[in-house]
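Raw start21.pdb, PDB, C-alpha atoms:
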```pdb
ATOM      1  CA  MET A 703       0.000   0.000   0.000  1.00  0.00           C
ATOM      2  CA  ASP A 704       1.392   3.403  -0.899  1.00  0.00           C
ATOM      3  CA  ASN A 705       1.109   6.531   1.234  1.00  0.00           C
ATOM      4  CA  ARG A 706      -1.715   7.963  -0.845  1.00  0.00           C
ATOM      5  CA  GLN A 707      -3.962   5.060   0.135  1.00  0.00           C
ATOM      6  CA  ALA A 708      -3.073   5.397   3.810  1.00  0.00           C
ATOM      7  CA  ILE A 709      -3.712   9.134   3.920  1.00  0.00           C
ATOM      8  CA  GLY A 710      -6.685   9.207   1.580  1.00  0.00           C
ATOM      9  CA  SER A 711      -7.266  11.511  -1.313  1.00  0.00           C
ATOM     10  CA  TRP A 712      -8.648  14.998  -0.954  1.00  0.00           C
ATOM     11  CA  LEU A 713     -11.906  13.672  -2.413  1.00  0.00           C
ATOM     12  CA  SER A 714     -12.451  10.718  -0.108  1.00  0.00           C
ATOM     13  CA  GLY A 715     -10.822  12.054   3.037  1.00  0.00           C
ATOM     14  CA  PRO A 716      -9.100  10.241   5.875  1.00  0.00           C
ATOM     15  CA  ARG A 717     -12.258   8.430   7.047  1.00  0.00           C
ATOM     16  CA  ALA A 718     -12.664   6.639   3.727  1.00  0.00           C
ATOM     17  CA  ALA A 719      -8.978   5.698   3.733  1.00  0.00           C
ATOM     18  CA  ALA A 720      -9.259   4.328   7.276  1.00  0.00           C
ATOM     19  CA  GLU A 721     -12.357   2.315   6.325  1.00  0.00           C
ATOM     20  CA  GLU A 722     -10.496   0.872   3.319  1.00  0.00           C
ATOM     21  CA  MET A 723      -7.759  -0.213   5.720  1.00  0.00           C
ATOM     22  CA  GLY A 724     -10.306  -2.050   7.877  1.00  0.00           C
ATOM     23  CA  ALA A 725     -11.354   0.487  10.519  1.00  0.00           C
ATOM     24  CA  ASP A 726     -14.980   0.079  11.594  1.00  0.00           C
ATOM     25  CA  PHE A 727     -16.576   3.379  12.592  1.00  0.00           C
ATOM     26  CA  GLY A 728     -20.103   1.986  12.532  1.00  0.00           C
ATOM     27  CA  TYR A 729     -23.068   4.174  11.749  1.00  0.00           C
ATOM     28  CA  ARG A 730     -23.387   7.769  12.896  1.00  0.00           C
ATOM     29  CA  GLY A 731     -24.784   7.879  16.421  1.00  0.00           C
ATOM     30  CA  ARG A 732     -23.585   4.413  17.421  1.00  0.00           C
ATOM     31  CA  ARG A 733     -21.115   5.785  19.963  1.00  0.00           C
ATOM     32  CA  LEU A 734     -23.997   7.709  21.563  1.00  0.00           C
ATOM     33  CA  GLY A 735     -26.156   4.608  21.893  1.00  0.00           C
ATOM     34  CA  LEU A 736     -28.688   5.804  19.326  1.00  0.00           C
ATOM     35  CA  PRO A 737     -30.495   3.463  16.920  1.00  0.00           C
ATOM     36  CA  GLU A 738     -29.295   3.363  13.328  1.00  0.00           C
ATOM     37  CA  GLN A 739     -32.661   4.349  11.817  1.00  0.00           C
ATOM     38  CA  GLY A 740     -36.127   5.473  12.829  1.00  0.00           C
ATOM     39  CA  PRO A 741     -37.280   7.561  15.804  1.00  0.00           C
ATOM     40  CA  GLY A 742     -34.456   8.429  18.164  1.00  0.00           C
ATOM     41  CA  SER A 743     -31.760   8.013  15.507  1.00  0.00           C
ATOM     42  CA  LEU A 744     -29.344  10.819  14.679  1.00  0.00           C
ATOM     43  CA  ALA A 745     -31.038  13.598  12.704  1.00  0.00           C
ATOM     44  CA  PRO A 746     -29.952  13.776   9.048  1.00  0.00           C
ATOM     45  CA  LEU A 747     -27.983  16.833   7.979  1.00  0.00           C
ATOM     46  CA  GLY A 748     -30.521  17.934   5.361  1.00  0.00           C
ATOM     47  CA  ARG A 749     -33.355  18.067   7.884  1.00  0.00           C
ATOM     48  CA  ARG A 750     -31.190  19.946  10.352  1.00  0.00           C
ATOM     49  CA  PHE A 751     -30.335  22.562   7.715  1.00  0.00           C
ATOM     50  CA  GLY A 752     -33.990  22.825   6.744  1.00  0.00           C
ATOM     51  CA  ALA A 753     -34.950  23.355  10.384  1.00  0.00           C
ATOM     52  CA  ILE A 754     -32.357  26.069  11.039  1.00  0.00           C
ATOM     53  CA  PHE A 755     -33.243  27.897   7.814  1.00  0.00           C
ATOM     54  CA  THR A 756     -36.931  27.773   8.773  1.00  0.00           C
ATOM     55  CA  ASP A 757     -36.145  29.085  12.255  1.00  0.00           C
ATOM     56  CA  TRP A 758     -33.925  31.817  10.818  1.00  0.00           C
ATOM     57  CA  ALA A 759     -36.629  32.914   8.368  1.00  0.00           C
ATOM     58  CA  LEU A 760     -39.145  33.057  11.227  1.00  0.00           C
ATOM     59  CA  CYS A 761     -36.727  35.102  13.348  1.00  0.00           C
ATOM     60  CA  MET A 762     -36.030  37.494  10.471  1.00  0.00           C
ATOM     61  CA  LEU A 763     -39.755  37.945   9.952  1.00  0.00           C
ATOM     62  CA  ILE A 764     -40.304  38.667  13.650  1.00  0.00           C
ATOM     63  CA  ALA A 765     -37.333  41.043  13.794  1.00  0.00           C
ATOM     64  CA  TYR A 766     -38.354  42.858  10.614  1.00  0.00           C
ATOM     65  CA  GLY A 767     -42.041  43.189  11.391  1.00  0.00           C
ATOM     66  CA  LEU A 768     -42.259  43.525  15.144  1.00  0.00           C
ATOM     67  CA  ILE A 769     -38.955  44.863  16.435  1.00  0.00           C
ATOM     68  CA  ALA A 770     -37.194  46.832  13.696  1.00  0.00           C
ATOM     69  CA  ARG A 771     -40.538  48.003  12.250  1.00  0.00           C
ATOM     70  CA  GLY A 772     -39.459  47.756   8.649  1.00  0.00           C
ATOM     71  CA  ASP A 773     -35.925  49.147   8.999  1.00  0.00           C
ATOM     72  CA  SER A 774     -33.552  47.196   6.827  1.00  0.00           C
ATOM     73  CA  GLY A 775     -29.899  46.382   7.088  1.00  0.00           C
ATOM     74  CA  THR A 776     -27.849  45.057   9.960  1.00  0.00           C
ATOM     75  CA  VAL A 777     -30.379  46.197  12.565  1.00  0.00           C
ATOM     76  CA  VAL A 778     -32.797  43.491  11.454  1.00  0.00           C
ATOM     77  CA  GLY A 779     -30.056  40.869  11.359  1.00  0.00           C
ATOM     78  CA  ASN A 780     -28.878  41.732  14.857  1.00  0.00           C
ATOM     79  CA  TRP A 781     -32.411  41.580  16.222  1.00  0.00           C
ATOM     80  CA  ALA A 782     -32.956  38.290  14.384  1.00  0.00           C
ATOM     81  CA  VAL A 783     -29.988  36.748  16.223  1.00  0.00           C
ATOM     82  CA  ALA A 784     -31.474  37.904  19.539  1.00  0.00           C
ATOM     83  CA  VAL A 785     -34.855  36.456  18.572  1.00  0.00           C
ATOM     84  CA  LEU A 786     -33.185  33.179  17.511  1.00  0.00           C
ATOM     85  CA  PHE A 787     -31.453  32.974  20.894  1.00  0.00           C
ATOM     86  CA  ALA A 788     -34.706  33.564  22.799  1.00  0.00           C
ATOM     87  CA  LEU A 789     -36.675  31.199  20.563  1.00  0.00           C
ATOM     88  CA  SER A 790     -34.098  28.457  20.924  1.00  0.00           C
ATOM     89  CA  VAL A 791     -33.757  28.785  24.706  1.00  0.00           C
ATOM     90  CA  LEU A 792     -37.511  28.843  25.275  1.00  0.00           C
ATOM     91  CA  THR A 793     -38.490  26.044  22.911  1.00  0.00           C
ATOM     92  CA  VAL A 794     -35.534  23.662  23.195  1.00  0.00           C
ATOM     93  CA  GLY A 795     -35.427  24.143  26.963  1.00  0.00           C
ATOM     94  CA  THR A 796     -39.121  23.294  27.367  1.00  0.00           C
ATOM     95  CA  ILE A 797     -40.512  21.126  24.557  1.00  0.00           C
ATOM     96  CA  GLY A 798     -37.197  20.031  23.023  1.00  0.00           C
ATOM     97  CA  ALA A 799     -37.731  21.480  19.557  1.00  0.00           C
ATOM     98  CA  THR A 800     -37.838  24.828  17.809  1.00  0.00           C
ATOM     99  CA  PRO A 801     -40.672  25.431  15.322  1.00  0.00           C
ATOM    100  CA  GLY A 802     -38.333  24.485  12.459  1.00  0.00           C
ATOM    101  CA  LYS A 803     -37.248  21.286  14.177  1.00  0.00           C
ATOM    102  CA  ARG A 804     -40.863  20.409  14.910  1.00  0.00           C
ATOM    103  CA  LEU A 805     -41.763  20.993  11.257  1.00  0.00           C
ATOM    104  CA  PHE A 806     -38.936  18.702  10.105  1.00  0.00           C
ATOM    105  CA  GLY A 807     -39.655  16.020  12.716  1.00  0.00           C
ATOM    106  CA  LEU A 808     -36.584  16.606  14.891  1.00  0.00           C
ATOM    107  CA  ARG A 809     -35.957  17.176  18.577  1.00  0.00           C
ATOM    108  CA  VAL A 810     -33.011  18.007  20.811  1.00  0.00           C
ATOM    109  CA  ILE A 811     -32.209  15.750  23.758  1.00  0.00           C
ATOM    110  CA  SER A 812     -29.286  15.322  26.115  1.00  0.00           C
ATOM    111  CA  VAL A 813     -26.780  12.576  25.360  1.00  0.00           C
ATOM    112  CA  GLU A 814     -28.245  10.733  28.344  1.00  0.00           C
ATOM    113  CA  GLY A 815     -31.613  10.655  26.532  1.00  0.00           C
ATOM    114  CA  ASP A 816     -33.430  13.149  28.773  1.00  0.00           C
ATOM    115  CA  ARG A 817     -34.847  16.575  28.029  1.00  0.00           C
ATOM    116  CA  LEU A 818     -32.161  19.245  27.697  1.00  0.00           C
ATOM    117  CA  GLY A 819     -32.112  21.345  30.883  1.00  0.00           C
ATOM    118  CA  ALA A 820     -32.350  25.125  30.962  1.00  0.00           C
ATOM    119  CA  GLY A 821     -28.616  25.681  31.502  1.00  0.00           C
ATOM    120  CA  ARG A 822     -27.655  23.426  28.610  1.00  0.00           C
ATOM    121  CA  ALA A 823     -30.309  25.053  26.404  1.00  0.00           C
ATOM    122  CA  VAL A 824     -28.839  28.499  27.129  1.00  0.00           C
ATOM    123  CA  LEU A 825     -25.289  27.293  26.395  1.00  0.00           C
ATOM    124  CA  ARG A 826     -26.359  25.507  23.198  1.00  0.00           C
ATOM    125  CA  SER A 827     -28.338  28.535  21.980  1.00  0.00           C
ATOM    126  CA  ALA A 828     -25.517  30.989  22.693  1.00  0.00           C
ATOM    127  CA  LEU A 829     -23.037  28.829  20.791  1.00  0.00           C
ATOM    128  CA  LEU A 830     -25.510  28.368  17.936  1.00  0.00           C
ATOM    129  CA  CYS A 831     -25.898  32.143  17.626  1.00  0.00           C
ATOM    130  CA  LEU A 832     -22.116  32.464  17.265  1.00  0.00           C
ATOM    131  CA  ALA A 833     -22.510  30.248  14.143  1.00  0.00           C
ATOM    132  CA  LEU A 834     -18.915  28.995  14.044  1.00  0.00           C
ATOM    133  CA  PRO A 835     -19.410  26.199  16.625  1.00  0.00           C
ATOM    134  CA  ALA A 836     -22.326  24.884  14.560  1.00  0.00           C
ATOM    135  CA  LEU A 837     -20.013  24.543  11.553  1.00  0.00           C
ATOM    136  CA  ILE A 838     -17.477  22.324  13.348  1.00  0.00           C
ATOM    137  CA  TRP A 839     -18.700  18.707  13.407  1.00  0.00           C
ATOM    138  CA  ASP A 840     -17.534  15.462  14.933  1.00  0.00           C
ATOM    139  CA  ARG A 841     -17.703  12.074  13.219  1.00  0.00           C
ATOM    140  CA  ASP A 842     -21.285  11.604  14.432  1.00  0.00           C
ATOM    141  CA  GLY A 843     -22.277  14.800  12.631  1.00  0.00           C
ATOM    142  CA  ARG A 844     -22.880  16.765  15.842  1.00  0.00           C
ATOM    143  CA  GLY A 845     -21.884  20.403  15.847  1.00  0.00           C
ATOM    144  CA  LEU A 846     -19.560  21.792  18.480  1.00  0.00           C
ATOM    145  CA  HIS A 847     -22.536  23.619  20.023  1.00  0.00           C
ATOM    146  CA  ASP A 848     -24.201  20.221  20.599  1.00  0.00           C
ATOM    147  CA  ARG A 849     -21.018  18.583  21.899  1.00  0.00           C
ATOM    148  CA  LEU A 850     -20.267  21.317  24.425  1.00  0.00           C
ATOM    149  CA  SER A 851     -23.848  21.358  25.706  1.00  0.00           C
ATOM    150  CA  ARG A 852     -23.934  17.527  25.699  1.00  0.00           C
ATOM    151  CA  ALA A 853     -26.921  17.518  23.355  1.00  0.00           C
ATOM    152  CA  VAL A 854     -27.887  15.556  20.276  1.00  0.00           C
ATOM    153  CA  GLN A 855     -30.457  16.208  17.549  1.00  0.00           C
ATOM    154  CA  VAL A 856     -32.557  13.144  16.817  1.00  0.00           C
ATOM    155  CA  ARG A 857     -35.520  12.212  14.687  1.00  0.00           C
ATOM    156  CA  GLY A 858     -38.820  12.719  16.470  1.00  0.00           C
TER     157      GLY A 858
END
```
Show how you would write the structure in this file as structure tokens.
Amino acid sequence: MDNRQAIGSWLSGPRAAAEEMGADFGYRGRRLGLPEQGPGSLAPLGRRFGAIFTDWALCMLIAYGLIARGDSGTVVGNWAVAVLFALSVLTVGTIGATPGKRLFGLRVISVEGDRLGAGRAVLRSALLCLALPALIWDRDGRGLHDRLSRAVQVRG
């Protein structure tokens, strides 16, 4: 085996190279004790993006219509982030899903399988509003905001 196979190409990445060499990573969510498919399994990336875009559109609408009263520009965007934070804390901390997550059949739970507590919901929401932690994923597809708050997004 040459070094290119061991390292992996820029297209396949190191995970694919490791799997070709016999490493067994299992399915996403296995390390967390989640089922492979069905309710309670790890939420697919497409649904998670759909949910956050839906929530963001709702927050922009609220910020534009109710708070900024039609002003455009960064004022609306800043208020939308504040609305997203409040929406996320209130809904994830109580019912376990934002309106977007509910629409896409997702919920947020702790890695222990319980409802996410208020403190974890605040931490998760603050990190989500920073955006960068949500763009850094682990091999289970969880964002850094979920890892640090010990949360996981699953199918409802």
Practice problem: Just give me the gap between atom CA of A:Leu834 and atom CA of A:Pro737 in Å, one decimal is fine. | Solution: 28.2 Å
Practice problem: Give me the result of the PyMOL selection byres ((chain A and resi 726-735) around 6) on this file, residue by residue, as a count of residues only. | Solution: 4
Polymer residues at most 9 Å from (-27.1, 17.2, 13.0) by all atoms listed in the file, as a tab-separated table (two decimals) with C-alpha atoms, in the frame of the given file:
```tsv
chain	number	residue	atom	x	y	z
A	744	LEU	CA	-29.34	10.82	14.68
A	745	ALA	CA	-31.04	13.60	12.70
A	746	PRO	CA	-29.95	13.78	9.05
A	747	LEU	CA	-27.98	16.83	7.98
A	748	GLY	CA	-30.52	17.93	5.36
A	749	ARG	CA	-33.35	18.07	7.88
A	750	ARG	CA	-31.19	19.95	10.35
A	751	PHE	CA	-30.34	22.56	7.72
A	839	TRP	CA	-18.70	18.71	13.41
A	842	ASP	CA	-21.28	11.60	14.43
A	843	GLY	CA	-22.28	14.80	12.63
A	844	ARG	CA	-22.88	16.76	15.84
A	845	GLY	CA	-21.88	20.40	15.85
A	848	ASP	CA	-24.20	20.22	20.60
A	854	VAL	CA	-27.89	15.56	20.28
A	855	GLN	CA	-30.46	16.21	17.55
A	856	VAL	CA	-32.56	13.14	16.82
```
Self-check item: Residue neighbourhood A:Lys803, 8 Å, all atoms listed in the file, exclusion window fewer than 4 positions, as a list in words
Solution: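 Using all atoms listed in the file, the neighbours found are Arg750, Ala753, Ile754, Ala799, Gly807, Leu808 and Arg809 of chain A.
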Can you tell me, as a PDB file with C-alpha atoms, in the frame of the given file, what residues are no more than 10 Å from A:Tyr766 when counting only C-alpha atoms, ignoring any on the same chain fewer than 6 positions away?
```pdb
ATOM      1  CA  LEU A 760     -39.145  33.057  11.227  1.00  0.00           C
ATOM      2  CA  GLY A 772     -39.459  47.756   8.649  1.00  0.00           C
ATOM      3  CA  ASP A 773     -35.925  49.147   8.999  1.00  0.00           C
ATOM      4  CA  SER A 774     -33.552  47.196   6.827  1.00  0.00           C
ATOM      5  CA  GLY A 775     -29.899  46.382   7.088  1.00  0.00           C
ATOM      6  CA  VAL A 777     -30.379  46.197  12.565  1.00  0.00           C
ATOM      7  CA  VAL A 778     -32.797  43.491  11.454  1.00  0.00           C
ATOM      8  CA  GLY A 779     -30.056  40.869  11.359  1.00  0.00           C
ATOM      9  CA  TRP A 781     -32.411  41.580  16.222  1.00  0.00           C
ATOM     10  CA  ALA A 782     -32.956  38.290  14.384  1.00  0.00           C
TER      11      ALA A 782
END
```
Exercise. Name the residues that the PyMOL selection byres ((chain A and resi 813-827) around 7) picks from the file above, as a PyMOL selection string, using the file's chain letters and numbers.
Key: chain A and resi 734+787+790-791+794-795+798+811-812+828-831+847-848+851-854
Exercise. For atom CA of A:Met723 and atom CA of A:Arg841, determine how far apart the two atoms are, in Å to one decimal place.
Key: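 Going from atom CA of A:Met723 over to atom CA of A:Arg841 covers 17.5 Å.
Between atom CA of A:Ala765 and atom CA of A:Leu786 the interatomic distance comes to 9.6 Å.
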Hey, could you pull the box centre and edge lengths for stretch 806-825 of chain A, axis-aligned, 5 Å padding per side, all listed atoms, to one decimal in Å, as JSON?
```
{"center_x": -32.5, "center_y": 19.6, "center_z": 20.8, "size_x": 24.4, "size_y": 27.8, "size_z": 31.4}
```
Practice problem: Up to 6 Å from (-37.5, 23.9, 12.0) in the file's coordinates: name the residues, counting only C-alpha atoms, as a PyMOL selection string. | Solution: chain A and resi 753-754+756-757+800-806
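Checking A:Val783, A:Ala759, A:Ala836, A:Ala720 one by one against A:Leu850, counting only C-alpha atoms, you find the shortest gap at A:Ala836.
Using only C-alpha atoms for every distance, the candidate list A:Gly740, A:Ala833, A:Arg857, A:Leu763 yields A:Arg857 as the residue closest to A:Val810.
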Self-check item: Among the residues A:Ile838, A:Ile769, A:Leu832, A:Ile764, the one that comes closest to A:Leu789 [using only C-alpha atoms]
Solution: A:Ile764
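You can rank A:Leu846, A:Ala784, A:Leu792, A:Leu837 by their closest distance to A:Cys761 using only C-alpha atoms, and at the top of that list sits A:Ala784.
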